[in-house]
Amino acid sequence: QQLLKGKNILVMGVANKWSIAWGIAQKLHEAGAHLAFTYQGEKSEENIQRLISDTMPEAPIIHCDVQKDEDIQTAFQQIGEKFGVLHGVIHSIAHARKEELEGQYYDTSREGYLMAQEISAYSLVAVTKYAKPLMTEGGSIVTLTYLGGERVIKNYNVMGVAKAALEASVKYLAVDLGKEHIRVNAISAGPIKTLAAKGIKNFSNMLKEFEEKSPMGRLISTEEVGNTALFLCSDMSSGITGENLHVDCGYHVVG
Ligand code: 0WD
């Protein structure tokens, strides 16, 4: 059953084949969605080109640095020209300085704090603002978060605080857009080895601890996160908004 047949969805944040956004894109594509991608760096653009060449060579790939309002505005203008109506956005973007993902949280610099907030939390707000006029038939906005936004997780520091802001934004946006039939939800994924994760000090220890403690006794896969995003983009989740759905083999109830 093609749950997303006829739906146009924008996927933001594919950096390479390990990206959570790529795991999500594959599931959305299998479910019949038309996809478009945004990227930040040239390397990511090349990677996306290569990744989509077999299965969806026609998918638009658009540059968008979420630190720039003009980029976001132009990207959505292009999406509007290509798609007309937009039904979904996957926001899978975060960034903090590597040196601030270790040590004491109080050592966070003003600049590093603001940068993490801007890229990892404010970007969802800005993206939603420009996506809304295109989402005239209602739809679904999905962002990616992590348990470090709810409680203290060693070394996650400034990114944990950015995720807390992101999760609060999900709730405020859900209220703003509920009457327009646009739902806004977060997926709180367990740790997955990706480019972004490499920036966190002792990430491999985090994976080990997760595997040992999680009720299901294993790590999660990008496919599992992809399936959840598919559910949240489809009408199967029509009554769900403002939610933070944990896809973490149950770790959040014990860890
Ligand atoms: O364990 C993990 N990997 C988890 C990740 C567990 C739970 C949540 N997440 C979240 C991340 O915090 C992030 O929000 O999932 C999201 C996707 O992360 P990912 O798939 O783990 O990482 P990656 O493949 O590196 O994608 C993140 C990308 C960036 O990669 P780089 O390495 O360049 O930071 O976010 C994009 C970029 O492609 N990005 C930007 N995109 C547009 N404008 C910007 C920007 N200014 N900055 C970063």
# chains A, B, ... in the order shown; residues from 1 in each chain; ligands from 1
call {"tool": "residues_near_ligand", "arguments": {"ligand": "ligand 1", "cutoff": "8 Å", "atoms": "only C-alpha atoms and all ligand atoms", "output": "ChimeraX atom specification"}}
result
/A:12-22,38-41,44,64-68,91-96,119-120,143-147,159,163,187-197
call {"tool": "write_last_selection", "arguments": {"atoms": "C-alpha atoms", "output": "PDB file, in the first residue's frame"}}
result
ATOM      1  CA  MET A  12      16.306  18.716   4.586  1.00  0.00           C
ATOM      2  CA  GLY A  13      19.596  17.427   6.027  1.00  0.00           C
ATOM      3  CA  VAL A  14      20.968  14.600   3.882  1.00  0.00           C
ATOM      4  CA  ALA A  15      24.749  14.910   4.202  1.00  0.00           C
ATOM      5  CA  ASN A  16      25.644  11.352   3.120  1.00  0.00           C
ATOM      6  CA  LYS A  17      24.326   7.787   3.024  1.00  0.00           C
ATOM      7  CA  TRP A  18      24.534   7.460   6.815  1.00  0.00           C
ATOM      8  CA  SER A  19      22.334  10.514   7.423  1.00  0.00           C
ATOM      9  CA  ILE A  20      19.074   9.850   9.230  1.00  0.00           C
ATOM     10  CA  ALA A  21      17.421  12.036   6.566  1.00  0.00           C
ATOM     11  CA  TRP A  22      18.527   9.565   3.890  1.00  0.00           C
ATOM     12  CA  THR A  38      17.914  20.687   0.316  1.00  0.00           C
ATOM     13  CA  TYR A  39      21.597  20.625   1.154  1.00  0.00           C
ATOM     14  CA  GLN A  40      24.127  22.952   2.705  1.00  0.00           C
ATOM     15  CA  GLY A  41      27.627  22.089   1.444  1.00  0.00           C
ATOM     16  CA  SER A  44      26.403  16.983   0.425  1.00  0.00           C
ATOM     17  CA  CYS A  64      19.684  26.000   1.544  1.00  0.00           C
ATOM     18  CA  ASP A  65      21.838  27.163   4.420  1.00  0.00           C
ATOM     19  CA  VAL A  66      19.351  27.549   7.270  1.00  0.00           C
ATOM     20  CA  GLN A  67      21.480  30.305   8.812  1.00  0.00           C
ATOM     21  CA  LYS A  68      20.328  32.537   5.939  1.00  0.00           C
ATOM     22  CA  HIS A  91      13.780  18.805   9.191  1.00  0.00           C
ATOM     23  CA  SER A  92      16.888  16.757  10.002  1.00  0.00           C
ATOM     24  CA  ILE A  93      19.399  19.503  10.689  1.00  0.00           C
ATOM     25  CA  ALA A  94      21.590  20.295  13.663  1.00  0.00           C
ATOM     26  CA  HIS A  95      25.026  21.665  14.330  1.00  0.00           C
ATOM     27  CA  ALA A  96      27.232  22.658  17.251  1.00  0.00           C
ATOM     28  CA  ILE A 119      20.955  26.014  13.252  1.00  0.00           C
ATOM     29  CA  SER A 120      19.357  23.327  15.399  1.00  0.00           C
ATOM     30  CA  THR A 143      11.927  17.188  13.080  1.00  0.00           C
ATOM     31  CA  LEU A 144      14.624  15.063  14.690  1.00  0.00           C
ATOM     32  CA  THR A 145      15.544  15.374  18.334  1.00  0.00           C
ATOM     33  CA  TYR A 146      17.397  13.460  21.031  1.00  0.00           C
ATOM     34  CA  LEU A 147      16.830  12.512  24.676  1.00  0.00           C
ATOM     35  CA  MET A 159      23.068  20.621  21.810  1.00  0.00           C
ATOM     36  CA  LYS A 163      17.038  20.267  21.457  1.00  0.00           C
ATOM     37  CA  ILE A 187      11.078  11.949  16.479  1.00  0.00           C
ATOM     38  CA  SER A 188      13.449  11.393  19.386  1.00  0.00           C
ATOM     39  CA  ALA A 189      15.859   8.894  17.909  1.00  0.00           C
ATOM     40  CA  GLY A 190      18.306   6.702  19.772  1.00  0.00           C
ATOM     41  CA  PRO A 191      21.994   7.223  18.945  1.00  0.00           C
ATOM     42  CA  ILE A 192      23.021   6.337  15.385  1.00  0.00           C
ATOM     43  CA  LYS A 193      26.526   6.540  13.944  1.00  0.00           C
ATOM     44  CA  THR A 194      26.395   9.494  11.526  1.00  0.00           C
ATOM     45  CA  LEU A 195      28.621  12.445  10.611  1.00  0.00           C
ATOM     46  CA  ALA A 196      26.930  14.717  13.159  1.00  0.00           C
ATOM     47  CA  ALA A 197      27.207  12.073  15.904  1.00  0.00           C
TER      48      ALA A 197
END
call {"tool": "atom_distance", "arguments": {"atom1": "CA of Leu207 in chain A", "atom2": "CA of Gly23 in chain A"}}
result
18.6 Å
call {"tool": "select_by_dssp", "arguments": {"residues": "range 21-236 of chain A", "states": "alpha helix (DSSP H)", "output": "ChimeraX atom specification"}}
result
/A:21-30,42-52,69-83,110-117,123-131,157-177,195-198,203-213,222-233
call {"tool": "select_by_dssp", "arguments": {"residues": "range 20-127 of chain A", "states": "strand (DSSP E)", "output": "list in words"}}
result
His34, Leu35, Ala36, Phe37, Thr38, Tyr39, Ile61, Ile62, His63, Gly88, Val89, Ile90 and His91 of chain A
call {"tool": "closest_residue", "arguments": {"among": "A:Val85, A:Ile220, A:Val225, A:Ala31", "to": "Thr136 in chain A", "atoms": "only C-alpha atoms"}}
result
A:Val85
call {"tool": "atom_distance", "arguments": {"atom1": "CA of Arg110 in chain A", "atom2": "CA of Tyr172 in chain A"}}
result
25.2 Å
call {"tool": "residues_around", "arguments": {"residues": "range 229-244 of chain A", "least_positions_apart": "6", "cutoff": "6 Å", "atoms": "only C-alpha atoms", "output": "CSV table (one decimal) with N, CA and C atoms, in the first residue's frame"}}
result
chain,number,residue,atom,x,y,z
A,28,LEU,N,10.1,7.2,2.5
A,28,LEU,CA,9.1,8.0,1.9
A,28,LEU,C,8.9,7.7,0.4
A,140,SER,N,2.3,17.6,7.1
A,140,SER,CA,3.1,17.1,8.3
A,140,SER,C,4.5,17.6,8.3
A,170,VAL,N,8.2,22.7,18.7
A,170,VAL,CA,7.3,21.7,18.1
A,170,VAL,C,5.9,21.9,18.7
A,171,LYS,N,5.8,22.2,20.0
A,171,LYS,CA,4.5,22.3,20.6
A,171,LYS,C,3.9,23.7,20.2
A,174,ALA,N,2.8,23.4,16.7
A,174,ALA,CA,1.6,22.6,16.5
A,174,ALA,C,0.3,23.4,16.8
A,183,ARG,N,0.3,19.3,10.9
A,183,ARG,CA,0.8,18.7,12.1
A,183,ARG,C,2.3,18.8,12.3
A,184,VAL,N,2.7,19.0,13.5
A,184,VAL,CA,4.2,19.2,13.7
A,184,VAL,C,4.6,18.3,14.8
A,185,ASN,N,5.5,17.4,14.5
A,185,ASN,CA,6.0,16.4,15.5
A,185,ASN,C,7.5,16.2,15.5
A,186,ALA,N,8.0,15.6,16.6
A,186,ALA,CA,9.4,15.3,16.6
A,186,ALA,C,9.6,13.8,16.8
A,187,ILE,N,10.7,13.3,16.2
A,187,ILE,CA,11.1,11.9,16.5
A,187,ILE,C,12.3,12.0,17.3
call {"tool": "residues_around", "arguments": {"residues": "range 72-77 of chain A", "least_positions_apart": "6", "cutoff": "12 Å", "atoms": "only C-alpha atoms", "output": "ChimeraX atom specification"}}
result
/A:9-12,36-40,60-66,83-86,89,123-135
call {"tool": "closest_residue", "arguments": {"among": "A:Leu35, A:Ile52, A:Tyr122, A:Glu111", "to": "Asp69 in chain A", "atoms": "only C-alpha atoms"}}
result
A:Tyr122
call {"tool": "closest_residue", "arguments": {"among": "A:Leu51, A:Ile24, A:His29, A:Gly112", "to": "Ser221 in chain A", "atoms": "only C-alpha atoms"}}
result
A:Ile24
call {"tool": "closest_residue", "arguments": {"among": "A:Ala121, A:Val253, A:Asn155, A:Ile79", "to": "Tyr106 in chain A", "atoms": "only C-alpha atoms"}}
result
A:Asn155
call {"tool": "atom_distance", "arguments": {"atom1": "CA of Pro57 in chain A", "atom2": "CA of Asp71 in chain A"}}
result
23.2 Å
call {"tool": "decode", "arguments": {"residues": "range 22-157 of chain A", "atoms": "C-alpha atoms", "output": "CSV table (one decimal), in the first residue's frame"}}
result
chain,number,residue,atom,x,y,z
A,22,TRP,CA,18.5,9.6,3.9
A,23,GLY,CA,17.0,6.6,5.8
A,24,ILE,CA,13.8,8.6,6.0
A,25,ALA,CA,13.9,9.6,2.3
A,26,GLN,CA,14.2,6.0,1.2
A,27,LYS,CA,11.1,5.0,3.2
A,28,LEU,CA,9.1,8.0,1.9
A,29,HIS,CA,10.1,7.2,-1.7
A,30,GLU,CA,9.0,3.6,-1.3
A,31,ALA,CA,5.7,4.8,0.0
A,32,GLY,CA,5.1,6.8,-3.2
A,33,ALA,CA,6.0,10.3,-2.2
A,34,HIS,CA,7.6,12.8,-4.5
A,35,LEU,CA,10.7,14.1,-2.9
A,36,ALA,CA,12.8,17.3,-3.0
A,37,PHE,CA,16.1,17.7,-1.1
A,38,THR,CA,17.9,20.7,0.3
A,39,TYR,CA,21.6,20.6,1.2
A,40,GLN,CA,24.1,23.0,2.7
A,41,GLY,CA,27.6,22.1,1.4
A,42,GLU,CA,28.9,21.1,-2.0
A,43,LYS,CA,29.9,17.7,-0.8
A,44,SER,CA,26.4,17.0,0.4
A,45,GLU,CA,25.1,18.0,-3.0
A,46,GLU,CA,27.4,15.5,-4.7
A,47,ASN,CA,26.4,12.8,-2.2
A,48,ILE,CA,22.7,13.4,-2.7
A,49,GLN,CA,23.1,13.4,-6.6
A,50,ARG,CA,24.7,10.0,-6.3
A,51,LEU,CA,22.3,8.6,-3.8
A,52,ILE,CA,19.2,9.5,-5.8
A,53,SER,CA,20.5,8.7,-9.3
A,54,ASP,CA,19.0,5.1,-9.4
A,55,THR,CA,15.7,5.6,-7.7
A,56,MET,CA,14.6,9.2,-8.1
A,57,PRO,CA,16.8,11.0,-10.6
A,58,GLU,CA,14.2,13.7,-11.2
A,59,ALA,CA,14.0,14.9,-7.6
A,60,PRO,CA,15.0,18.6,-7.2
A,61,ILE,CA,18.1,19.3,-5.1
A,62,ILE,CA,18.2,22.8,-3.8
A,63,HIS,CA,20.8,24.7,-1.9
A,64,CYS,CA,19.7,26.0,1.5
A,65,ASP,CA,21.8,27.2,4.4
A,66,VAL,CA,19.4,27.5,7.3
A,67,GLN,CA,21.5,30.3,8.8
A,68,LYS,CA,20.3,32.5,5.9
A,69,ASP,CA,16.7,33.7,5.6
A,70,GLU,CA,17.2,34.5,1.9
A,71,ASP,CA,18.3,30.9,1.3
A,72,ILE,CA,15.2,29.5,3.0
A,73,GLN,CA,12.9,31.9,1.2
A,74,THR,CA,14.5,31.1,-2.2
A,75,ALA,CA,14.4,27.4,-1.5
A,76,PHE,CA,10.7,27.4,-0.8
A,77,GLN,CA,10.1,29.6,-3.8
A,78,GLN,CA,11.7,27.0,-6.0
A,79,ILE,CA,9.8,24.2,-4.2
A,80,GLY,CA,6.6,26.1,-4.9
A,81,GLU,CA,7.5,26.4,-8.6
A,82,LYS,CA,8.3,22.7,-8.9
A,83,PHE,CA,5.6,21.1,-6.7
A,84,GLY,CA,2.8,23.7,-6.4
A,85,VAL,CA,1.5,22.2,-3.2
A,86,LEU,CA,3.7,20.8,-0.4
A,87,HIS,CA,2.5,18.1,2.0
A,88,GLY,CA,5.4,17.5,4.2
A,89,VAL,CA,8.8,18.7,5.5
A,90,ILE,CA,11.5,16.6,7.1
A,91,HIS,CA,13.8,18.8,9.2
A,92,SER,CA,16.9,16.8,10.0
A,93,ILE,CA,19.4,19.5,10.7
A,94,ALA,CA,21.6,20.3,13.7
A,95,HIS,CA,25.0,21.7,14.3
A,96,ALA,CA,27.2,22.7,17.3
A,97,ARG,CA,30.9,23.3,17.6
A,98,LYS,CA,32.8,20.0,18.3
A,99,GLU,CA,34.7,21.6,21.2
A,100,GLU,CA,31.5,22.4,22.9
A,101,LEU,CA,30.2,18.8,22.8
A,102,GLU,CA,32.5,17.9,25.7
A,103,GLY,CA,33.5,19.1,29.1
A,104,GLN,CA,31.5,21.5,31.3
A,105,TYR,CA,28.3,23.0,30.0
A,106,TYR,CA,29.1,26.3,31.7
A,107,ASP,CA,32.1,26.7,29.4
A,108,THR,CA,29.8,27.1,26.4
A,109,SER,CA,30.7,30.3,24.5
A,110,ARG,CA,28.0,32.9,23.7
A,111,GLU,CA,28.8,32.5,20.0
A,112,GLY,CA,28.7,28.7,20.2
A,113,TYR,CA,25.4,28.7,22.1
A,114,LEU,CA,23.8,31.1,19.6
A,115,MET,CA,25.0,29.0,16.7
A,116,ALA,CA,23.7,25.8,18.1
A,117,GLN,CA,20.3,27.4,18.8
A,118,GLU,CA,20.2,29.1,15.4
A,119,ILE,CA,21.0,26.0,13.3
A,120,SER,CA,19.4,23.3,15.4
A,121,ALA,CA,16.2,25.0,16.8
A,122,TYR,CA,15.4,28.4,15.2
A,123,SER,CA,15.7,26.8,11.7
A,124,LEU,CA,12.6,24.8,12.3
A,125,VAL,CA,10.7,28.0,13.1
A,126,ALA,CA,12.0,29.7,9.9
A,127,VAL,CA,11.4,26.7,7.7
A,128,THR,CA,7.8,26.3,9.0
A,129,LYS,CA,7.1,30.0,8.2
A,130,TYR,CA,8.1,29.5,4.6
A,131,ALA,CA,6.6,26.0,4.2
A,132,LYS,CA,3.2,27.0,5.5
A,133,PRO,CA,2.0,29.0,2.5
A,134,LEU,CA,2.7,26.0,0.3
A,135,MET,CA,1.0,23.5,2.6
A,136,THR,CA,-2.5,24.5,1.4
A,137,GLU,CA,-3.9,20.9,1.7
A,138,GLY,CA,-2.6,20.4,5.2
A,139,GLY,CA,0.3,18.1,5.9
A,140,SER,CA,3.1,17.1,8.3
A,141,ILE,CA,6.3,18.7,9.6
A,142,VAL,CA,8.7,16.3,11.3
A,143,THR,CA,11.9,17.2,13.1
A,144,LEU,CA,14.6,15.1,14.7
A,145,THR,CA,15.5,15.4,18.3
A,146,TYR,CA,17.4,13.5,21.0
A,147,LEU,CA,16.8,12.5,24.7
A,148,GLY,CA,19.5,15.0,25.7
A,149,GLY,CA,16.9,17.7,25.2
A,150,GLU,CA,14.8,16.2,28.1
A,151,ARG,CA,17.6,15.2,30.5
A,152,VAL,CA,21.3,15.6,31.0
A,153,ILE,CA,23.3,13.4,28.8
A,154,LYS,CA,27.1,13.6,29.3
A,155,ASN,CA,28.9,15.7,26.6
A,156,TYR,CA,25.6,16.6,24.8
A,157,ASN,CA,25.7,20.0,26.5
